[in-house]
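*Asks:* Dropping in data_39.txt, which is compact mmCIF, C-alpha atoms and all ligand atoms:
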# COMPACT_ATOMS: atom_id res chain seq x y z
CA MET O 1 41.17 -277.52 20.00
CA LEU O 2 40.92 -274.53 22.27
CA PRO O 3 37.26 -273.54 22.71
CA ALA O 4 36.67 -269.85 22.12
CA PHE O 5 33.71 -267.52 22.52
CA VAL O 6 33.47 -264.22 20.72
CA ILE O 7 31.49 -261.41 22.34
CA THR O 8 30.35 -258.79 19.87
CA GLY O 9 27.74 -256.01 19.93
CA PHE O 10 27.43 -252.30 19.49
CA LEU O 11 29.25 -249.71 21.60
CA GLY O 12 28.20 -249.78 25.23
CA GLY O 13 25.80 -252.72 24.91
CA GLY O 14 27.24 -254.62 27.87
CA LYS O 15 29.98 -256.91 26.52
CA THR O 16 32.47 -256.29 29.31
CA THR O 17 29.70 -256.51 31.90
CA LEU O 18 28.74 -259.91 30.52
CA LEU O 19 32.30 -261.11 30.87
CA LEU O 20 32.33 -259.91 34.46
CA ASN O 21 28.93 -261.22 35.50
CA SER O 22 28.36 -264.33 33.52
CA ALA O 23 31.27 -265.90 31.73
CA ARG O 24 33.41 -265.86 34.82
CA GLU O 25 30.81 -267.58 36.90
CA HIS O 26 30.34 -270.38 34.39
CA PHE O 27 34.04 -271.04 33.99
CA SER O 28 34.98 -270.87 37.65
CA ASN O 29 36.81 -274.20 37.48
CA LYS O 30 38.62 -273.49 34.20
CA ARG O 31 41.64 -271.49 33.16
CA VAL O 32 40.12 -268.63 31.19
CA ALA O 33 42.06 -266.19 29.04
CA ILE O 34 40.52 -263.02 27.73
CA ILE O 35 41.44 -260.85 24.79
CA VAL O 36 39.91 -257.40 24.58
CA ASN O 37 40.17 -255.24 21.54
CA GLU O 38 39.15 -251.64 21.88
CA LEU O 39 38.83 -248.57 19.78
CA GLY O 40 41.41 -246.23 21.16
CA GLU O 41 45.02 -246.61 22.05
CA VAL O 42 44.17 -246.64 25.76
CA GLY O 43 42.19 -249.70 26.81
CA VAL O 44 39.60 -249.37 29.57
CA ASP O 45 37.96 -252.78 29.52
CA GLY O 46 41.23 -254.65 29.92
CA LYS O 47 41.93 -252.77 33.11
CA VAL O 48 38.41 -253.32 34.43
CA LEU O 49 38.47 -257.01 33.56
CA ARG O 50 41.84 -257.51 35.16
CA ASN O 51 40.12 -256.94 38.52
CA ALA O 52 38.31 -260.22 37.91
CA TYR O 53 40.62 -262.26 35.68
CA SER O 54 44.36 -262.43 35.74
CA GLU O 55 44.93 -263.51 32.15
CA VAL O 56 43.74 -260.51 30.19
CA LEU O 57 45.45 -259.40 27.05
CA GLU O 58 44.60 -255.99 25.65
CA LEU O 59 44.87 -255.28 21.98
CA PRO O 60 44.69 -251.53 21.74
CA GLU O 61 44.33 -249.29 18.71
CA GLY O 62 43.34 -250.27 15.23
CA CYS O 63 41.08 -253.23 15.17
CA ILE O 64 41.49 -256.96 15.07
CA CYS O 65 39.93 -257.27 11.68
CA CYS O 66 42.35 -255.04 9.75
CA SER O 67 45.56 -253.50 10.94
CA LEU O 68 45.89 -255.72 13.96
CA HIS O 69 45.36 -259.07 12.31
CA ALA O 70 48.99 -260.15 12.72
CA GLU O 71 49.08 -258.91 16.30
CA PHE O 72 45.90 -260.76 17.11
CA GLU O 73 47.42 -264.00 15.89
CA LYS O 74 50.58 -263.30 17.86
CA ALA O 75 48.52 -262.54 20.98
CA ILE O 76 46.68 -265.84 20.73
CA GLU O 77 49.89 -267.76 20.32
CA GLU O 78 51.40 -265.95 23.27
CA ILE O 79 48.41 -266.53 25.50
CA ARG O 80 48.35 -270.23 24.62
CA VAL O 81 51.99 -270.73 25.45
CA LYS O 82 51.98 -268.61 28.59
CA TYR O 83 48.68 -269.57 30.25
CA GLU O 84 47.64 -272.81 28.58
CA PRO O 85 44.04 -271.66 28.86
CA GLU O 86 41.14 -274.07 28.63
CA VAL O 87 38.81 -271.40 27.27
CA LEU O 88 39.42 -268.22 25.34
CA LEU O 89 37.01 -265.27 25.48
CA VAL O 90 37.37 -262.49 22.97
CA GLU O 91 35.58 -259.17 23.37
CA THR O 92 35.62 -257.41 20.05
CA SER O 93 35.50 -253.68 19.59
CA GLY O 94 31.96 -252.28 19.64
CA GLY O 95 32.77 -250.52 16.38
CA ALA O 96 33.77 -253.58 14.36
CA VAL O 97 32.19 -256.65 12.78
CA PRO O 98 33.03 -260.09 14.22
CA PHE O 99 33.73 -262.23 11.12
CA PRO O 100 37.46 -261.60 10.76
CA VAL O 101 37.96 -262.52 14.39
CA ILE O 102 36.02 -265.75 13.95
CA LEU O 103 38.11 -266.60 10.90
CA SER O 104 41.38 -265.78 12.64
CA LEU O 105 40.44 -267.90 15.63
CA GLN O 106 39.52 -270.82 13.43
CA SER O 107 42.67 -270.50 11.39
CA LEU O 108 44.65 -270.65 14.62
CA GLY O 109 43.12 -273.92 15.71
CA CYS O 110 40.45 -272.60 18.08
CA SER O 111 36.95 -273.97 17.86
CA VAL O 112 34.55 -271.06 17.98
CA ASP O 113 31.85 -272.42 20.22
CA GLY O 114 29.66 -269.38 20.24
CA VAL O 115 29.45 -265.86 18.89
CA LEU O 116 27.35 -263.79 21.25
CA CYS O 117 25.95 -260.47 20.14
CA LEU O 118 24.78 -258.12 22.86
CA VAL O 119 21.83 -255.97 21.91
CA ASP O 120 21.30 -252.85 23.98
CA CYS O 121 17.51 -252.76 24.42
CA ALA O 122 17.60 -249.25 25.87
CA ASN O 123 19.38 -247.78 22.85
CA PHE O 124 18.53 -250.14 20.01
CA GLU O 125 16.29 -247.60 18.30
CA ARG O 126 19.19 -245.17 18.07
CA TYR O 127 21.74 -247.47 16.50
CA LYS O 128 19.73 -250.16 14.69
CA GLU O 129 20.28 -248.62 11.24
CA ASP O 130 24.06 -248.70 11.65
CA SER O 131 25.50 -251.25 9.23
CA THR O 132 28.23 -252.41 11.63
CA ALA O 133 25.57 -253.09 14.26
CA ARG O 134 23.55 -255.11 11.74
CA TYR O 135 26.53 -257.21 10.69
CA GLN O 136 27.29 -257.81 14.35
CA ILE O 137 23.81 -259.30 14.77
CA GLY O 138 24.06 -261.30 11.55
CA GLY O 139 27.50 -262.52 12.54
CA SER O 140 26.33 -264.17 15.76
CA ASN O 141 24.56 -267.40 16.60
CA ILE O 142 23.46 -266.24 20.04
CA VAL O 143 21.79 -262.89 20.53
CA VAL O 144 21.58 -261.50 24.04
CA LEU O 145 18.87 -258.88 24.46
CA ASN O 146 20.51 -256.98 27.28
CA LYS O 147 19.47 -254.04 29.52
CA THR O 148 15.95 -255.41 29.74
CA ASP O 149 15.71 -253.69 33.13
CA LEU O 150 15.51 -250.34 31.33
CA VAL O 151 12.59 -251.05 28.98
CA ALA O 152 9.08 -252.53 29.09
CA GLU O 153 8.60 -256.19 28.26
CA GLU O 154 6.60 -255.38 25.10
CA ARG O 155 9.52 -253.33 23.85
CA VAL O 156 11.84 -256.29 24.39
CA SER O 157 9.48 -258.43 22.32
CA GLU O 158 9.47 -255.83 19.54
CA ILE O 159 13.26 -255.74 19.53
CA ASP O 160 13.31 -259.54 19.55
CA ARG O 161 11.29 -259.55 16.32
CA GLU O 162 13.39 -256.85 14.67
CA VAL O 163 16.64 -258.54 15.61
CA ARG O 164 15.52 -261.84 14.07
CA GLU O 165 14.72 -260.00 10.82
CA ILE O 166 18.10 -258.32 10.79
CA TRP O 167 19.79 -261.64 11.54
CA ASN O 168 18.08 -263.23 8.55
CA LEU O 169 19.22 -260.45 6.26
CA TYR O 170 22.74 -260.02 7.55
CA ARG O 171 23.97 -263.48 8.44
CA PRO O 172 26.86 -264.54 6.28
CA VAL O 173 26.41 -267.07 3.52
CA ASN O 174 28.90 -269.19 1.67
CA SER O 175 29.54 -267.21 -1.47
CA PHE O 176 29.90 -270.35 -3.59
CA THR O 177 26.94 -272.34 -2.42
CA GLY O 178 24.71 -269.61 -0.99
CA GLU O 179 24.38 -271.77 2.10
CA ALA O 180 23.92 -269.84 5.37
CA PHE O 181 26.77 -270.09 7.83
CA TYR O 182 24.49 -270.23 10.84
CA THR O 183 21.37 -272.26 10.63
CA LYS O 184 19.93 -271.39 13.99
CA LEU O 185 19.71 -268.37 16.22
CA ARG O 186 19.21 -268.49 20.00
CA VAL O 187 17.89 -265.40 21.69
CA TYR O 188 18.24 -264.70 25.41
CA ARG O 189 16.77 -261.84 27.40
CA THR O 190 18.70 -260.52 30.34
CA SER O 191 20.15 -257.60 32.19
CA TYR O 192 23.76 -257.01 33.12
CA GLY O 193 24.73 -259.91 30.88
CA ARG O 194 23.60 -262.61 33.28
CA LEU O 195 23.17 -265.77 31.25
CA PRO O 196 22.53 -269.41 32.02
CA ALA O 197 25.44 -271.86 31.90
CA GLU O 198 24.08 -273.60 28.78
CA VAL O 199 25.23 -270.64 26.64
CA PHE O 200 28.82 -271.48 27.43
CA SER O 201 28.52 -275.22 27.38
CA GLY O 202 29.48 -275.46 23.71
CA ALA O 203 26.03 -276.77 22.95
CA TYR O 204 25.61 -274.56 19.91
CA THR O 205 28.85 -275.17 18.04
CA ILE O 206 29.19 -273.37 14.77
CA PRO O 207 30.18 -275.30 11.66
CA GLU O 208 33.46 -274.36 10.09
CA LEU O 209 33.30 -271.24 8.03
CA LYS O 210 34.34 -271.75 4.44
CA SER O 211 34.05 -268.47 2.67
CA ILE O 212 32.48 -265.14 3.33
CA ALA O 213 32.81 -261.88 1.52
CA ILE O 214 32.10 -258.95 3.71
CA ASP O 215 32.65 -255.25 3.90
CA HIS O 216 34.44 -254.36 7.11
CA ALA O 217 33.84 -250.68 7.25
CA HIS O 218 34.52 -248.94 10.53
CA THR O 219 32.37 -246.01 11.01
CA HIS O 220 33.43 -244.78 14.40
CA LYS O 221 36.18 -242.49 15.47
CA HIS O 222 37.65 -241.99 18.88
CA LYS O 223 39.56 -239.37 20.77
CA VAL O 224 41.39 -239.71 24.07
CA VAL O 225 41.12 -236.86 26.55
CA SER O 226 43.53 -236.61 29.47
CA LEU O 227 42.20 -235.18 32.71
CA LEU O 228 45.01 -233.53 34.56
CA GLU O 229 43.28 -232.57 37.82
CA PRO O 230 40.99 -234.77 39.91
CA LEU O 231 37.41 -233.62 39.30
CA ASP O 232 34.32 -233.58 41.45
CA TYR O 233 31.95 -236.27 40.30
CA GLU O 234 29.32 -233.56 39.70
CA GLU O 235 31.70 -231.66 37.44
CA LEU O 236 32.51 -234.78 35.44
CA GLU O 237 28.82 -235.55 35.14
CA ARG O 238 28.15 -232.01 33.92
CA ARG O 239 30.86 -232.32 31.26
CA LEU O 240 29.55 -235.68 30.09
CA ARG O 241 26.01 -234.33 29.84
CA ASN O 242 27.28 -231.47 27.70
CA LEU O 243 29.01 -233.69 25.16
CA PRO O 244 27.87 -233.07 21.60
CA ASP O 245 25.22 -235.45 20.24
CA ASN O 246 27.61 -237.19 17.86
CA ILE O 247 29.51 -238.66 20.83
CA ILE O 248 27.67 -241.87 21.62
CA ARG O 249 30.06 -243.42 24.05
CA ALA O 250 32.60 -242.24 26.60
CA LYS O 251 34.59 -244.38 28.96
CA GLY O 252 37.73 -244.15 30.92
CA ILE O 253 39.45 -244.36 34.25
CA VAL O 254 39.58 -241.20 36.28
CA ARG O 255 40.49 -239.91 39.69
CA LEU O 256 37.70 -238.09 41.45
CA LYS O 257 37.90 -235.80 44.45
CA HIS O 258 36.77 -237.60 47.61
CA TYR O 259 37.23 -241.07 46.04
CA PRO O 260 40.05 -243.22 47.43
CA PHE O 261 40.51 -245.25 44.20
CA PRO O 262 40.49 -244.43 40.50
CA VAL O 263 37.09 -245.27 39.01
CA ALA O 264 35.88 -246.57 35.67
CA ILE O 265 33.43 -244.17 34.04
CA ASN O 266 30.83 -245.43 31.62
CA TYR O 267 28.66 -243.22 29.48
CA SER O 268 26.58 -244.36 26.56
CA PHE O 269 23.83 -242.58 24.66
CA GLY O 270 23.43 -239.91 27.34
CA TYR O 271 23.26 -242.34 30.24
CA ILE O 272 25.95 -242.26 32.91
CA ASP O 273 26.50 -245.29 35.08
CA ASN O 274 27.69 -245.25 38.68
CA PRO O 275 31.48 -245.11 38.84
CA VAL O 276 33.13 -248.47 39.55
CA GLU O 277 36.30 -248.73 41.58
CA VAL O 278 39.42 -249.90 39.71
CA SER O 279 41.87 -250.65 42.48
CA GLY O 280 45.44 -251.14 41.43
CA TYR O 281 45.29 -248.72 38.50
CA ASP O 282 48.08 -246.20 38.81
CA GLY O 283 48.11 -244.60 35.36
CA PRO O 284 46.84 -241.15 34.43
CA SER O 285 43.16 -240.15 34.29
CA PHE O 286 41.68 -240.32 30.83
CA LEU O 287 38.45 -240.61 28.91
CA VAL O 288 37.98 -242.12 25.49
CA LEU O 289 35.24 -240.42 23.48
CA ILE O 290 33.73 -242.49 20.68
CA GLY O 291 31.35 -241.20 18.07
CA ASN O 292 30.60 -240.48 14.47
N1 LIG D 1 20.88 -250.69 33.28
C1 LIG D 1 21.75 -251.55 32.73
N2 LIG D 1 23.00 -251.15 32.48
C2 LIG D 1 23.84 -252.05 31.93
C3 LIG D 1 23.45 -253.37 31.61
N3 LIG D 1 24.51 -254.03 31.06
C4 LIG D 1 25.53 -253.14 31.06
N4 LIG D 1 25.14 -251.95 31.59
C5 LIG D 1 25.94 -250.74 31.74
O1 LIG D 1 26.21 -250.22 30.44
C6 LIG D 1 27.49 -249.59 30.40
C7 LIG D 1 28.34 -250.19 29.29
O2 LIG D 1 28.61 -251.54 29.60
P1 LIG D 1 29.90 -252.31 29.06
O3 LIG D 1 29.83 -253.70 29.58
O4 LIG D 1 31.12 -251.52 29.34
O5 LIG D 1 29.60 -252.26 27.50
P2 LIG D 1 30.55 -252.76 26.30
O6 LIG D 1 29.66 -253.36 25.29
O7 LIG D 1 31.66 -253.59 26.83
O8 LIG D 1 31.10 -251.34 25.77
P3 LIG D 1 32.27 -251.13 24.68
O9 LIG D 1 33.35 -252.14 24.96
O10 LIG D 1 32.74 -249.73 24.91
O11 LIG D 1 31.64 -251.27 23.33
C8 LIG D 1 28.09 -249.82 31.78
O12 LIG D 1 27.84 -248.67 32.53
C9 LIG D 1 27.30 -251.00 32.34
O13 LIG D 1 27.23 -251.01 33.74
C10 LIG D 1 22.08 -253.75 31.86
O14 LIG D 1 21.63 -254.86 31.58
N5 LIG D 1 21.29 -252.80 32.42
MG MG D 2 33.68 -253.37 26.59
Have the structure of the file written as structure tokens, please.

*Replies:*
Amino acid sequence: MLPAFVITGFLGGGKTTLLLNSAREHFSNKRVAIIVNELGEVGVDGKVLRNAYSEVLELPEGCICCSLHAEFEKAIEEIRVKYEPEVLLVETSGGAVPFPVILSLQSLGCSVDGVLCLVDCANFERYKEDSTARYQIGGSNIVVLNKTDLVAEERVSEIDREVREIWNLYRPVNSFTGEAFYTKLRVYRTSYGRLPAEVFSGAYTIPELKSIAIDHAHTHKHKVVSLLEPLDYEELERRLRNLPDNIIRAKGIVRLKHYPFPVAINYSFGYIDNPVEVSGYDGPSFLVLIGN
């Protein structure tokens, strides 16, 4: 069976960063294929990840768990035939729950060796009541408390406690037997998704899922904005800072004045990260705005 890891977690929590900083390092001697599913018909993460991995398949628009189910299955088949990967990594959309993906992977003969949920310690307070975010935590067997560099240690411990409570309430159970799907939760604390190799060693294999009934509501909407002229970084920053409060995430690839390469722009909950070079991208400049 093809081992697979699912990376879930709320918008902007650090899923793609984890794939770049951690997963890659621990699978350096293996053929790794990645599937990214994003809200929005224009994928950003796929293009960013392609700088590090060659086998990246983007599943844009819709979401794996509903409209794209058939395409997801097709993509996995395709990737298996084309790349014969030894490990499959799936980054799910920050606006969706992970169960349908886990089920699809299992039904396609992959062993799901870990479902990692990234928790954004810097913004947890602002999204912790969101039901999708809670099901993402409940749907994982490994929680990664990420962005610990941005908060005090006591705050991380508080979040640790809250996350364990949410996990207990939201983890799926077998609807016939009432038995919990996951019996154990591992919690890691890190920044920029740097994790020890043990997380990816398949040490925490999940038993086969038999039956879960779950509401897969998607609460977030997105809008793609094209940027026709190269902007000054300061101007872009000003526009991002002036976004209405209901926009919680913005990302995209844009051309900036005085920058030789297009850059990936990352904005979440009012925080703008340094632009990261995306060499080789020759498409138009765009930003995807995600919010309620
Ligand atoms: N300070 C800090 N920033 C981080 C950390 N991890 C990720 N980031 C930044 O947070 C932003 C979002 O990270 P991504 O990895 O794109 O998050 P994501 O979960 O893939 O986002 P979506 O796919 O849009 O849901 C980027 O600017 C990252 O550089 C961290 O541990 N500390
Ligand atoms: Mg991402």

*Asks:* Would you list the contacts of Asn242 of chain O as a ChimeraX atom specification, taking every protein, DNA or RNA residue within 12 Å and counting all atoms listed in the file, but skipping same-chain residues closer than 5 positions in sequence?

*Replies:* /O:235-237,247,267,270-271

*Asks:* Could you check the closest approach to Leu88 of chain O for each of O:Ile102, O:Ile137, O:Ile35, O:Val263 and tell me which residue wins, using only C-alpha atoms?

*Replies:*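 Counting only C-alpha atoms, the residue closest to Leu88 of chain O is O:Ile35.
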
*Asks:* Name the residues, by chain letter and number, that sit within 7 Å of ligand LIG 1 (chain D) using all atoms listed in the file, and give them as a PyMOL selection string.

*Replies:* chain O and resi 9-18+38+45+93-94+146-150+190-193+249+251+266-268+272-273

*Asks:* Calculated over all atoms listed in the file, which of the candidates O:Met1, O:Ile142, O:Val6, O:Val156 has the smallest distance to Glu84 of chain O?

*Replies:*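 Looking only at the distances to Glu84 of chain O, the closest residue turns out to be O:Met1.
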
*Asks:* Could you write out as JSON the box around segment 218-235 of chain O (axis-aligned, all atoms listed in the file, 6 Å on each side), with centre and edge lengths in Å to one decimal?

*Replies:*
{"center_x": 37.2, "center_y": -240.3, "center_z": 26.0, "size_x": 27.7, "size_y": 29.3, "size_z": 42.9}

*Asks:* Considering all atoms listed in the file, can you say which of O:Asn168, O:Ser285, O:Thr8, O:Gln136 comes closest to Leu116 of chain O?

*Replies:* O:Thr8

*Asks:* Please determine, counting only C-alpha atoms, which residue among O:Asp113, O:Leu256, O:Pro85, O:Thr92 has the shortest atom-to-atom distance to Ser201 of chain O.

*Replies:*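 Of the candidates, the smallest distance to Ser201 of chain O is held by O:Asp113.
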